[in-house]
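Data block for input03.cif (mmCIF, C-alpha atoms):
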data_final
loop_
_atom_site.label_atom_id
_atom_site.label_comp_id
_atom_site.auth_asym_id
_atom_site.auth_seq_id
_atom_site.Cartn_x
_atom_site.Cartn_y
_atom_site.Cartn_z
CA MET C 1 -95.08 -1.86 17.10
CA ARG C 2 -96.24 -5.46 17.33
CA CYS C 3 -97.75 -6.42 20.63
CA VAL C 4 -98.76 -9.48 22.57
CA GLY C 5 -102.30 -10.35 23.54
CA ARG C 6 -103.83 -10.79 20.09
CA ASN C 7 -106.07 -13.71 21.16
CA LYS C 8 -107.50 -11.64 23.98
CA TRP C 9 -107.99 -8.76 21.58
CA ASN C 10 -109.91 -10.94 19.10
CA ALA C 11 -112.06 -12.31 21.92
CA LEU C 12 -112.86 -8.78 23.03
CA ARG C 13 -113.87 -7.82 19.50
CA ARG C 14 -116.18 -10.84 19.27
CA MET C 15 -117.71 -9.84 22.59
CA GLU C 16 -118.25 -6.30 21.31
CA ARG C 17 -120.08 -7.63 18.24
CA CYS C 18 -122.30 -9.88 20.40
CA ASN C 19 -123.08 -7.01 22.74
CA ALA C 20 -123.99 -4.81 19.79
CA LEU C 21 -126.45 -7.46 18.53
CA ARG C 22 -127.97 -7.78 22.00
CA LEU C 23 -128.50 -4.03 22.08
CA LEU C 24 -130.55 -4.24 18.88
CA HIS C 25 -133.13 -6.51 20.56
CA PRO C 26 -136.46 -4.60 20.90
CA THR C 27 -136.57 -5.08 24.67
CA SER C 28 -133.08 -3.69 25.05
CA LEU C 29 -133.95 -0.81 22.77
CA PHE C 30 -137.06 -0.02 24.81
CA VAL C 31 -135.07 -0.07 28.05
CA SER C 32 -132.47 2.20 26.44
CA LEU C 33 -135.23 4.57 25.31
CA CYS C 34 -136.64 4.75 28.86
CA ALA C 35 -133.17 5.37 30.28
CA MET C 36 -132.60 8.17 27.76
CA LEU C 37 -135.92 9.79 28.61
CA ILE C 38 -135.26 9.54 32.35
CA SER C 39 -131.82 11.07 31.94
CA ALA C 40 -133.28 13.82 29.76
CA THR C 41 -135.82 14.78 32.42
CA ALA C 42 -133.09 14.90 35.09
CA MET C 43 -131.16 17.53 33.15
CA ALA C 44 -131.05 20.35 35.65
CA GLY C 45 -129.51 20.33 39.11
CA VAL C 46 -127.21 18.10 41.06
CA THR C 47 -127.50 14.38 41.69
CA GLN C 48 -125.51 12.34 44.15
CA SER C 49 -124.83 8.64 43.83
CA VAL C 50 -122.72 5.99 45.51
CA ASP C 51 -120.98 3.30 43.50
CA GLU C 52 -122.12 -0.11 44.78
CA GLN C 53 -118.76 -1.75 44.20
CA THR C 54 -116.39 0.92 45.48
CA ASP C 55 -118.76 2.64 47.94
CA LEU C 56 -117.39 5.97 46.70
CA ALA C 57 -119.71 8.94 46.25
CA SER C 58 -120.13 11.10 43.14
CA TRP C 59 -121.81 14.47 42.64
CA LYS C 60 -123.03 15.27 39.16
CA MET C 61 -124.14 18.72 38.07
CA HIS C 62 -125.91 19.31 34.78
CA ASP C 63 -126.80 22.86 33.86
CA GLY C 64 -127.53 23.76 30.25
CA ASN C 65 -124.83 22.14 28.17
CA PHE C 66 -122.32 21.86 30.97
CA GLU C 67 -121.89 18.64 32.92
CA LEU C 68 -119.53 18.32 35.83
CA GLU C 69 -118.91 15.20 37.85
CA LEU C 70 -116.84 14.92 41.03
CA THR C 71 -116.04 11.48 42.39
CA GLN C 72 -114.29 10.70 45.65
CA LEU C 73 -110.81 9.22 45.41
CA LEU C 74 -109.56 7.23 48.38
CA PRO C 75 -106.41 8.71 49.88
CA ASP C 76 -104.75 5.33 49.31
CA GLN C 77 -105.60 5.42 45.60
CA THR C 78 -104.10 8.87 45.22
CA ARG C 79 -101.08 8.00 47.35
CA ALA C 80 -100.34 4.92 45.23
CA PHE C 81 -100.78 6.85 41.99
CA PHE C 82 -98.27 9.55 42.91
CA LEU C 83 -95.78 7.16 44.51
CA ALA C 84 -95.77 5.27 41.21
CA ARG C 85 -95.05 8.53 39.37
CA GLY C 86 -91.91 9.20 41.42
CA PHE C 87 -93.13 11.37 44.31
CA SER C 88 -91.64 10.88 47.77
CA LYS C 89 -93.81 9.27 50.47
CA GLU C 90 -94.20 12.62 52.25
CA ILE C 91 -95.39 14.54 49.23
CA ALA C 92 -97.57 11.70 47.90
CA ASN C 93 -99.20 11.59 51.33
CA ALA C 94 -99.68 15.36 51.42
CA ILE C 95 -101.49 15.24 48.08
CA ALA C 96 -103.49 12.14 49.01
CA THR C 97 -104.86 13.71 52.19
CA ALA C 98 -105.84 17.01 50.52
CA CYS C 99 -109.33 15.90 49.43
CA ILE C 100 -108.64 14.82 45.88
CA MET C 101 -111.64 14.26 43.61
CA GLN C 102 -111.73 12.75 40.17
CA THR C 103 -113.27 15.52 38.08
CA ILE C 104 -114.90 15.29 34.67
CA GLY C 105 -116.18 18.29 32.74
CA ARG C 106 -118.18 17.93 29.54
CA ASN C 107 -119.92 20.04 26.93
CA SER C 108 -123.06 18.03 26.24
CA ALA C 109 -124.46 20.30 23.51
CA GLU C 110 -125.83 18.60 20.46
CA GLN C 111 -124.32 19.20 17.07
CA GLY C 112 -125.19 22.60 15.64
CA VAL C 113 -125.77 24.23 19.04
CA PRO C 114 -123.37 27.16 19.07
CA GLY C 115 -121.20 28.09 21.98
CA SER C 116 -118.40 26.47 23.86
CA ILE C 117 -117.98 26.03 27.61
CA ASP C 118 -115.07 27.78 29.32
CA VAL C 119 -113.97 26.72 32.76
CA ASP C 120 -111.46 28.57 34.95
CA LEU C 121 -110.85 26.90 38.28
CA LYS C 122 -109.52 30.19 39.69
CA GLN C 123 -113.15 31.34 39.81
CA TRP C 124 -114.42 28.37 41.79
CA ARG C 125 -115.04 28.83 45.50
CA MET C 126 -115.52 26.36 48.30
CA LEU C 127 -117.50 26.99 51.46
CA HIS C 128 -116.20 25.18 54.53
CA ASP C 129 -116.95 26.02 58.17
CA GLY C 130 -118.65 29.24 57.07
CA ALA C 131 -115.61 30.55 55.20
CA GLU C 132 -115.31 30.88 51.44
CA SER C 133 -111.97 30.14 49.81
CA PRO C 134 -110.50 29.25 46.40
CA ILE C 135 -109.68 25.65 45.60
CA LYS C 136 -106.08 24.48 45.53
CA LEU C 137 -104.76 24.68 41.98
CA LYS C 138 -102.02 22.60 40.36
CA GLU C 139 -99.87 25.72 40.02
CA GLN C 140 -100.00 26.23 43.80
CA TRP C 141 -98.89 22.65 44.46
CA ASP C 142 -96.08 23.00 41.95
CA SER C 143 -94.78 26.19 43.55
CA GLU C 144 -94.58 24.45 46.94
CA TRP C 145 -92.07 21.86 45.75
CA SER C 146 -88.38 22.55 45.37
CA ALA C 147 -86.39 21.14 42.44
CA THR C 148 -84.71 18.60 44.72
CA GLU C 149 -87.98 17.40 46.26
CA VAL C 150 -89.83 16.59 43.06
CA SER C 151 -88.29 15.46 39.79
CA ASP C 152 -89.27 16.89 36.43
CA ALA C 153 -90.89 13.56 35.48
CA ALA C 154 -93.05 13.58 38.61
CA ARG C 155 -94.07 17.22 38.02
CA LEU C 156 -95.01 16.34 34.45
CA ALA C 157 -97.23 13.48 35.63
CA PHE C 158 -98.84 15.74 38.25
CA ARG C 159 -99.47 18.44 35.68
CA TRP C 160 -101.26 16.13 33.25
CA ALA C 161 -103.08 14.02 35.83
CA THR C 162 -104.76 17.06 37.39
CA PHE C 163 -107.78 18.88 35.99
CA PRO C 164 -106.73 21.80 33.76
CA THR C 165 -106.96 25.17 35.50
CA GLN C 166 -108.39 26.65 32.32
CA GLN C 167 -110.18 24.59 29.75
CA ASN C 168 -112.39 25.19 26.76
CA PHE C 169 -114.88 22.51 25.80
CA ALA C 170 -116.38 22.54 22.32
CA HIS C 171 -119.47 20.39 21.84
CA GLY C 172 -118.59 16.74 22.33
CA ASP C 173 -115.41 17.59 24.27
CA TYR C 174 -114.77 16.45 27.77
CA GLY C 175 -111.85 16.71 30.11
CA TRP C 176 -110.92 14.88 33.24
CA GLY C 177 -108.34 15.01 36.00
CA MET C 178 -107.89 15.22 39.72
CA SER C 179 -108.87 18.37 41.54
CA SER C 180 -107.85 19.16 45.10
CA PHE C 181 -109.76 20.97 47.80
CA GLY C 182 -107.14 21.05 50.55
CA LEU C 183 -109.29 19.52 53.31
CA VAL C 184 -108.55 16.50 55.46
CA PRO C 185 -110.29 13.16 54.75
CA GLY C 186 -113.95 13.04 55.77
CA GLU C 187 -114.55 16.83 55.73
CA ARG C 188 -117.60 18.28 53.99
CA PHE C 189 -117.87 21.43 51.91
CA ASP C 190 -120.01 23.22 49.34
CA LEU C 191 -118.56 24.11 45.96
CA LYS C 192 -119.46 27.08 43.80
CA VAL C 193 -118.83 26.06 40.21
CA VAL C 194 -118.35 28.92 37.75
CA TRP C 195 -118.23 28.58 33.96
CA SER C 196 -119.05 30.47 30.79
CA ALA C 197 -121.44 29.18 28.17
CA ALA C 198 -121.15 30.98 24.84
CA GLY C 199 -119.51 33.86 26.69
CA VAL C 200 -122.20 34.18 29.37
CA GLN C 201 -120.95 33.53 32.91
CA LYS C 202 -122.93 31.07 35.01
CA GLU C 203 -122.57 29.58 38.44
CA SER C 204 -124.11 26.83 40.49
CA TRP C 205 -123.53 25.34 43.95
CA ILE C 206 -122.89 21.69 44.69
CA ARG C 207 -123.77 21.20 48.35
CA GLY C 208 -122.48 18.70 50.86
CA ILE C 209 -119.51 17.24 49.00
CA GLN C 210 -117.56 14.95 51.30
CA CYS C 211 -113.87 14.16 51.01
CA ALA C 212 -113.22 10.40 51.01
CA GLU C 213 -112.15 8.95 54.33
CA GLU C 214 -109.10 6.75 54.85
CA ARG C 215 -110.02 3.04 54.69
CA MET B 1 -148.43 -5.00 14.27
CA ARG B 2 -147.86 -3.17 17.55
CA GLN B 3 -144.45 -4.82 17.89
CA VAL B 4 -143.51 -3.72 14.36
CA THR B 5 -144.51 -0.14 15.20
CA ILE B 6 -142.47 -0.15 18.42
CA GLN B 7 -139.50 -1.64 16.57
CA SER B 8 -139.80 0.97 13.82
CA MET B 9 -139.95 3.77 16.38
CA LEU B 10 -136.98 2.43 18.25
CA LEU B 11 -134.93 1.95 15.10
CA LEU B 12 -135.81 5.48 14.07
CA LEU B 13 -134.68 6.70 17.47
CA LEU B 14 -131.50 4.67 17.20
CA SER B 15 -130.67 6.06 13.77
CA TRP B 16 -131.44 9.58 15.03
CA SER B 17 -129.11 9.00 17.98
CA ALA B 18 -126.38 7.65 15.72
CA ALA B 19 -126.68 10.70 13.48
CA ALA B 20 -126.59 13.02 16.46
CA PHE B 21 -123.52 11.34 17.91
CA SER B 22 -121.65 11.00 14.62
CA GLY B 23 -121.80 14.76 14.21
CA GLN B 24 -120.21 15.61 17.54
CA LEU B 25 -116.85 14.22 16.64
CA LEU B 26 -114.37 16.90 15.76
CA THR B 27 -114.02 20.58 16.54
CA PRO B 28 -112.76 22.81 13.70
CA TYR B 29 -109.49 24.46 14.70
CA LYS B 30 -109.17 28.22 14.39
CA GLY B 31 -108.31 28.83 10.78
CA ALA B 32 -106.26 25.71 10.02
CA GLN B 33 -102.88 26.74 11.44
CA PRO B 34 -99.49 25.09 10.84
CA ALA B 35 -98.69 22.47 13.49
CA PRO B 36 -95.47 22.89 15.48
CA ASP B 37 -92.80 20.57 14.07
CA PHE B 38 -91.04 18.04 16.30
CA GLU B 39 -88.60 15.18 16.22
CA LEU B 40 -89.23 12.28 18.61
CA VAL B 41 -88.20 8.65 18.86
CA ASP B 42 -90.72 5.83 18.92
CA VAL B 43 -90.76 2.85 21.28
CA ASP B 44 -88.33 1.03 18.97
CA GLY B 45 -85.88 3.93 18.98
CA ASP B 46 -86.64 5.14 15.43
CA LYS B 47 -86.78 8.89 14.81
CA HIS B 48 -89.96 10.54 13.53
CA ARG B 49 -90.20 14.12 12.36
CA LEU B 50 -93.64 15.68 11.91
CA SER B 51 -92.64 17.16 8.56
CA ASP B 52 -91.94 13.64 7.26
CA TYR B 53 -95.68 12.96 7.41
CA ARG B 54 -96.74 15.54 4.85
CA GLY B 55 -98.68 14.17 1.90
CA LYS B 56 -101.37 12.35 3.89
CA PRO B 57 -103.87 13.53 6.52
CA LEU B 58 -102.47 12.83 9.98
CA ILE B 59 -104.11 12.08 13.33
CA ILE B 60 -101.92 12.92 16.34
CA ASN B 61 -103.03 11.77 19.77
CA PHE B 62 -101.41 13.00 23.03
CA TRP B 63 -101.94 10.43 25.77
CA ALA B 64 -100.63 8.58 28.83
CA THR B 65 -101.19 5.02 30.01
CA TRP B 66 -102.64 6.15 33.36
CA CYS B 67 -105.26 8.39 31.75
CA PRO B 68 -108.68 6.63 31.77
CA PRO B 69 -110.17 8.26 28.65
CA CYS B 70 -106.89 7.62 26.79
CA ARG B 71 -107.30 3.93 27.58
CA GLU B 72 -110.93 4.11 26.55
CA GLU B 73 -110.24 5.46 23.07
CA MET B 74 -107.04 3.58 22.20
CA PRO B 75 -108.81 0.42 20.90
CA SER B 76 -110.93 2.49 18.51
CA MET B 77 -107.79 4.34 17.37
CA ASN B 78 -106.16 1.05 16.55
CA ARG B 79 -109.23 -0.12 14.65
CA ALA B 80 -109.24 3.20 12.77
CA TRP B 81 -105.61 2.69 11.84
CA HIS B 82 -106.40 -0.67 10.26
CA LYS B 83 -109.33 0.86 8.36
CA VAL B 84 -107.50 3.84 6.83
CA LYS B 85 -103.76 3.22 7.06
CA ASP B 86 -103.36 3.52 3.27
CA ASP B 87 -104.92 7.00 3.24
CA VAL B 88 -104.24 8.45 6.68
CA SER B 89 -101.20 8.46 9.01
CA MET B 90 -101.55 8.18 12.78
CA LEU B 91 -99.17 8.94 15.64
CA ALA B 92 -99.69 8.51 19.37
CA ILE B 93 -97.45 10.75 21.45
CA ASN B 94 -97.05 9.43 24.96
CA VAL B 95 -96.37 12.09 27.57
CA GLY B 96 -93.80 11.43 30.28
CA GLU B 97 -93.51 7.63 30.24
CA ASP B 98 -90.92 5.14 29.03
CA GLU B 99 -90.83 2.21 26.58
CA ASP B 100 -91.31 -0.44 29.28
CA THR B 101 -94.48 1.18 30.60
CA ILE B 102 -95.92 1.39 27.10
CA PHE B 103 -94.90 -2.18 26.32
CA ILE B 104 -96.80 -3.45 29.36
CA PHE B 105 -99.80 -1.30 28.42
CA SER B 106 -99.80 -2.66 24.88
CA ALA B 107 -100.33 -6.20 26.13
CA ASP B 108 -103.90 -5.21 26.95
CA TYR B 109 -104.28 -2.41 24.40
CA PRO B 110 -102.48 -3.33 21.18
CA ILE B 111 -101.22 -0.33 19.20
CA ASP B 112 -100.07 -1.05 15.66
CA PHE B 113 -99.27 2.54 14.61
CA PRO B 114 -96.19 4.48 15.79
CA VAL B 115 -96.06 5.46 19.47
CA LEU B 116 -93.63 8.32 20.05
CA LEU B 117 -92.09 9.24 23.40
CA ASP B 118 -92.26 12.80 24.74
CA GLN B 119 -90.63 11.92 28.05
CA SER B 120 -89.53 15.45 28.87
CA GLY B 121 -92.88 16.99 27.92
CA ASP B 122 -91.10 19.49 25.65
CA VAL B 123 -93.24 18.69 22.60
CA ILE B 124 -96.63 18.79 24.29
CA LYS B 125 -95.71 22.25 25.63
CA GLN B 126 -95.50 23.51 22.03
CA TRP B 127 -98.98 22.27 21.18
CA PRO B 128 -102.31 23.75 22.37
CA VAL B 129 -103.04 20.93 24.79
CA LYS B 130 -104.76 21.56 28.14
CA GLY B 131 -105.58 18.00 29.14
CA LEU B 132 -105.18 14.38 28.09
CA PRO B 133 -106.23 12.96 25.76
CA THR B 134 -106.21 15.65 23.11
CA THR B 135 -106.11 14.71 19.45
CA PHE B 136 -105.31 16.84 16.41
CA VAL B 137 -106.22 16.17 12.81
CA LEU B 138 -103.82 17.66 10.27
CA ASP B 139 -104.22 18.07 6.53
CA ARG B 140 -101.68 16.90 3.94
CA GLU B 141 -99.69 20.13 4.32
CA GLY B 142 -99.30 19.84 8.09
CA ASN B 143 -101.99 22.33 9.16
CA ILE B 144 -104.20 21.60 12.16
CA HIS B 145 -107.81 21.36 10.97
CA TYR B 146 -109.62 19.71 13.87
CA THR B 147 -109.15 18.96 17.55
CA ALA B 148 -110.86 16.56 19.91
CA VAL B 149 -110.58 16.92 23.69
CA GLY B 150 -111.48 13.70 25.48
CA ALA B 151 -112.05 10.26 23.99
CA ARG B 152 -113.78 9.59 20.66
CA GLU B 153 -114.77 6.52 18.69
CA TRP B 154 -112.05 6.97 16.11
CA ASP B 155 -113.16 4.11 13.87
CA ASP B 156 -116.45 5.88 13.17
CA ASP B 157 -116.87 5.92 9.38
CA ALA B 158 -118.27 9.46 9.30
CA LEU B 159 -115.29 10.75 11.25
CA LEU B 160 -112.79 8.93 9.07
CA GLU B 161 -114.40 10.28 5.90
CA ILE B 162 -113.84 13.80 7.23
CA VAL B 163 -110.18 13.00 7.92
CA LYS B 164 -109.61 11.36 4.55
CA GLY B 165 -110.99 14.44 2.82
CA LEU B 166 -108.30 16.76 4.24
#

Whole structure, structure tokens version:
Amino acid sequence: MRCVGRNKWNALRRMERCNALRLLHPTSLFVSLCAMLISATAMAGVTQSVDEQTDLASWKMHDGNFELELTQLLPDQTRAFFLARGFSKEIANAIATACIMQTIGRNSAEQGVPGSIDVDLKQWRMLHDGAESPIKLKEQWDSEWSATEVSDAARLAFRWATFPTQQNFAHGDYGWGMSSFGLVPGERFDLKVVWSAAGVQKESWIRGIQCAEER
Amino acid sequence: MRQVTIQSMLLLLLSWSAAAFSGQLLTPYKGAQPAPDFELVDVDGDKHRLSDYRGKPLIINFWATWCPPCREEMPSMNRAWHKVKDDVSMLAINVGEDEDTIFIFSADYPIDFPVLLDQSGDVIKQWPVKGLPTTFVLDREGNIHYTAVGAREWDDDALLEIVKGL
């Protein structure tokens, strides 16, 4: 396949080379070293941050070799995504207002460290208003839609755009996708994350996650 | 003198980091199993059968244009293709989208190796894929040797040496 945009592509490659040279400057290297050391000391626990540009919050958990990051998605972002994939307005809106988070899971083990990370979302629990419940899985969404409501193409997009219910991460692997918590915009909840590292089950709580509000 | 020492330390650290990262590239697949065959058309309408690609190592990438890590790794895949196209074949299998969508995508992310269309999702169902992107590395006989879940820097020389050796 021959594509347009070659000039832009070449310009991008030149930029990449220049950026690489800048990174080799001793000052840049020293700053990178400090950043690596700081990130290494912040290995355990949960950190929360807010993106300055989007004003959306993220919660990042790092426990052993497992990293998990949840980032708010605006209902409008989610709505637009699923409308563009062929969902009706009603269903796109139902998904968009069900507390969708961009979710990234990663096995951060270094080479040679044995053991993979296994994640099964069926084991995760959320705590909201004092009640513990499972999170809403992609299979549950799919079973709610009749064949006439949602086309095969839209189902396919939903399936692959959402975080896998079960996933195995070898070292260096990471997976991403949307996960849904079934709460209305603005609600807060705690999430119990469960995973296995080298066959040993672990769990950790992420407290005070907030679903993005409508803007 | 002090600056030289700092520079040496930092370069040492950099080379250590590069070594550490170059190793975390591919995951050996359980016992090198035969890959499920398929026949798909590419964006130009030409048919491709997996079995036609025997004789060279093959990288197969399952992806979609709306998938952020797929977008992240596609430029390095294209660079890899230009580095090793005489020794290694590459296929990108798009899941669920049409030619027009891919054509628009390719304006910003040129892809010079074949992009096949799995619009129905029937092929991806046959492969051990849980999320996008997932990439498989096959040997010359069509057996899966390695997988990679999530984006990689595919033009990494260490990675490509591993692939060329299959």

With the file shown as input, list the residues that the PyMOL selection byres ((chain B) within 8 of (chain C)) selects, as a JSON list (two decimals) with C-alpha atoms, in the coordinates of the input.
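What landed in result.json:
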[["chain", "number", "residue", "atom", "x", "y", "z"],
["B", 6, "ILE", "CA", -142.47, -0.15, 18.42],
["B", 7, "GLN", "CA", -139.50, -1.64, 16.57],
["B", 10, "LEU", "CA", -136.98, 2.43, 18.25],
["B", 20, "ALA", "CA", -126.59, 13.02, 16.46],
["B", 21, "PHE", "CA", -123.52, 11.34, 17.91],
["B", 23, "GLY", "CA", -121.80, 14.76, 14.21],
["B", 24, "GLN", "CA", -120.21, 15.61, 17.54],
["B", 25, "LEU", "CA", -116.85, 14.22, 16.64],
["B", 26, "LEU", "CA", -114.37, 16.90, 15.76],
["B", 27, "THR", "CA", -114.02, 20.58, 16.54],
["B", 43, "VAL", "CA", -90.76, 2.85, 21.28],
["B", 44, "ASP", "CA", -88.33, 1.03, 18.97],
["B", 67, "CYS", "CA", -105.26, 8.39, 31.75],
["B", 96, "GLY", "CA", -93.80, 11.43, 30.28],
["B", 103, "PHE", "CA", -94.90, -2.18, 26.32],
["B", 106, "SER", "CA", -99.80, -2.66, 24.88],
["B", 107, "ALA", "CA", -100.33, -6.20, 26.13],
["B", 108, "ASP", "CA", -103.90, -5.21, 26.95],
["B", 109, "TYR", "CA", -104.28, -2.41, 24.40],
["B", 110, "PRO", "CA", -102.48, -3.33, 21.18],
["B", 111, "ILE", "CA", -101.22, -0.33, 19.20],
["B", 112, "ASP", "CA", -100.07, -1.05, 15.66],
["B", 113, "PHE", "CA", -99.27, 2.54, 14.61],
["B", 114, "PRO", "CA", -96.19, 4.48, 15.79],
["B", 115, "VAL", "CA", -96.06, 5.46, 19.47],
["B", 119, "GLN", "CA", -90.63, 11.92, 28.05],
["B", 120, "SER", "CA", -89.53, 15.45, 28.87],
["B", 121, "GLY", "CA", -92.88, 16.99, 27.92],
["B", 130, "LYS", "CA", -104.76, 21.56, 28.14],
["B", 131, "GLY", "CA", -105.58, 18.00, 29.14],
["B", 132, "LEU", "CA", -105.18, 14.38, 28.09],
["B", 148, "ALA", "CA", -110.86, 16.56, 19.91],
["B", 149, "VAL", "CA", -110.58, 16.92, 23.69],
["B", 150, "GLY", "CA", -111.48, 13.70, 25.48],
["B", 151, "ALA", "CA", -112.05, 10.26, 23.99]]

**OP:** Tell me, in Å to one decimal, how far CA of Trp66 in chain B is from CA of Ser58 in chain C.
**Re:**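 A separation of 20.6 Å between them.
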
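Applied to this file, the PyMOL selection byres ((chain C and resi 124-132) around 10) selects Val119, Asp120, Leu121, Lys122, Gln123, Ser133, Pro134, Ile135, Lys136, Phe181, Leu183, Glu187, Arg188, Phe189, Asp190, Leu191, Lys192, Val193, Val194, Trp195, Glu203, Ser204, Trp205, Ile206, Arg207, Gly208 and Ile209 of chain C.
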
**OP:** Work out how far CA of Asp118 in chain C is from CA of Val137 in chain B, in Å to one decimal.
**Re:** 22.0 Å

**OP:** Between C:Leu73, C:Asn107, C:Asp142, C:Ala84, single out the one closest to Thr101 in chain B, counting only C-alpha atoms.
**Re:** C:Ala84

Original post:
What is the distance, in Å and to one decimal place, between CA of Leu58 in chain B and CA of Met90 in chain B?
Top reply: 5.5 Å

Original post:
Lys164 in chain B: which residues within 7 Å, counting only C-alpha atoms, same-chain residues fewer than 5 positions away excluded, as a list in words?
Top reply: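 Using only C-alpha atoms, the neighbours found are Pro57, Asp87 and Val88 of chain B.
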
**OP:** Identify all residues satisfying the PyMOL selection byres ((chain B and resi 74) around 10) in the given file; provide them as a PyMOL selection string.
**Re:** chain B and resi 61+63+65+69-73+75-80+92+106+109-111+151-154

Keeping only C-alpha atoms, write the selected residues to a file as a PDB file, in the frame of the given file.
ATOM      1  CA  ASN B  61    -103.030  11.770  19.770  1.00  0.00           C
ATOM      2  CA  TRP B  63    -101.940  10.430  25.770  1.00  0.00           C
ATOM      3  CA  THR B  65    -101.190   5.020  30.010  1.00  0.00           C
ATOM      4  CA  PRO B  69    -110.170   8.260  28.650  1.00  0.00           C
ATOM      5  CA  CYS B  70    -106.890   7.620  26.790  1.00  0.00           C
ATOM      6  CA  ARG B  71    -107.300   3.930  27.580  1.00  0.00           C
ATOM      7  CA  GLU B  72    -110.930   4.110  26.550  1.00  0.00           C
ATOM      8  CA  GLU B  73    -110.240   5.460  23.070  1.00  0.00           C
ATOM      9  CA  PRO B  75    -108.810   0.420  20.900  1.00  0.00           C
ATOM     10  CA  SER B  76    -110.930   2.490  18.510  1.00  0.00           C
ATOM     11  CA  MET B  77    -107.790   4.340  17.370  1.00  0.00           C
ATOM     12  CA  ASN B  78    -106.160   1.050  16.550  1.00  0.00           C
ATOM     13  CA  ARG B  79    -109.230  -0.120  14.650  1.00  0.00           C
ATOM     14  CA  ALA B  80    -109.240   3.200  12.770  1.00  0.00           C
ATOM     15  CA  ALA B  92     -99.690   8.510  19.370  1.00  0.00           C
ATOM     16  CA  SER B 106     -99.800  -2.660  24.880  1.00  0.00           C
ATOM     17  CA  TYR B 109    -104.280  -2.410  24.400  1.00  0.00           C
ATOM     18  CA  PRO B 110    -102.480  -3.330  21.180  1.00  0.00           C
ATOM     19  CA  ILE B 111    -101.220  -0.330  19.200  1.00  0.00           C
ATOM     20  CA  ALA B 151    -112.050  10.260  23.990  1.00  0.00           C
ATOM     21  CA  ARG B 152    -113.780   9.590  20.660  1.00  0.00           C
ATOM     22  CA  GLU B 153    -114.770   6.520  18.690  1.00  0.00           C
ATOM     23  CA  TRP B 154    -112.050   6.970  16.110  1.00  0.00           C
TER      24      TRP B 154
END

**OP:** Show which residues sit within 8 Å of Thr78 in chain C, as a list in words. Count all atoms listed in the file, and ignore same-chain residues fewer than 4 positions away.
**Re:**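 Using all atoms listed in the file, the neighbours found are Leu73, Leu74, Phe82, Ala92, Ile95, Ala96 and Ile100 of chain C.
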
Same residues, C-alpha atoms, output as a short mmCIF file (atom, residue, chain, number, x, y, z; two decimals), in the frame of the given file:
data_model
loop_
_atom_site.label_atom_id
_atom_site.label_comp_id
_atom_site.auth_asym_id
_atom_site.auth_seq_id
_atom_site.Cartn_x
_atom_site.Cartn_y
_atom_site.Cartn_z
CA LEU C 73 -110.81 9.22 45.41
CA LEU C 74 -109.56 7.23 48.38
CA PHE C 82 -98.27 9.55 42.91
CA ALA C 92 -97.57 11.70 47.90
CA ILE C 95 -101.49 15.24 48.08
CA ALA C 96 -103.49 12.14 49.01
CA ILE C 100 -108.64 14.82 45.88
#

Can I get range 149-159 of chain B with N, CA and C atoms filled in, as a CSV table (one decimal), in the frame of the given file?
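Generated file (selection_27.csv):
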chain,number,residue,atom,x,y,z
B,149,VAL,N,-111.0,17.0,22.3
B,149,VAL,CA,-110.6,16.9,23.7
B,149,VAL,C,-111.4,15.8,24.4
B,150,GLY,N,-110.8,14.8,24.9
B,150,GLY,CA,-111.5,13.7,25.5
B,150,GLY,C,-111.6,12.6,24.4
B,151,ALA,N,-112.1,11.4,24.9
B,151,ALA,CA,-112.0,10.3,24.0
B,151,ALA,C,-113.1,10.4,22.9
B,152,ARG,N,-112.8,9.7,21.8
B,152,ARG,CA,-113.8,9.6,20.7
B,152,ARG,C,-113.8,8.1,20.2
B,153,GLU,N,-114.8,7.8,19.4
B,153,GLU,CA,-114.8,6.5,18.7
B,153,GLU,C,-114.1,6.8,17.3
B,154,TRP,N,-112.8,6.6,17.3
B,154,TRP,CA,-112.0,7.0,16.1
B,154,TRP,C,-112.3,6.1,14.9
B,155,ASP,N,-112.9,4.9,15.1
B,155,ASP,CA,-113.2,4.1,13.9
B,155,ASP,C,-114.5,4.4,13.3
B,156,ASP,N,-115.2,5.5,13.7
B,156,ASP,CA,-116.4,5.9,13.2
B,156,ASP,C,-116.2,6.3,11.7
B,157,ASP,N,-117.1,5.7,10.8
B,157,ASP,CA,-116.9,5.9,9.4
B,157,ASP,C,-117.0,7.4,9.0
B,158,ALA,N,-118.0,8.0,9.6
B,158,ALA,CA,-118.3,9.5,9.3
B,158,ALA,C,-117.1,10.3,9.7
B,159,LEU,N,-116.5,10.0,10.8
B,159,LEU,CA,-115.3,10.8,11.2
B,159,LEU,C,-114.1,10.5,10.3
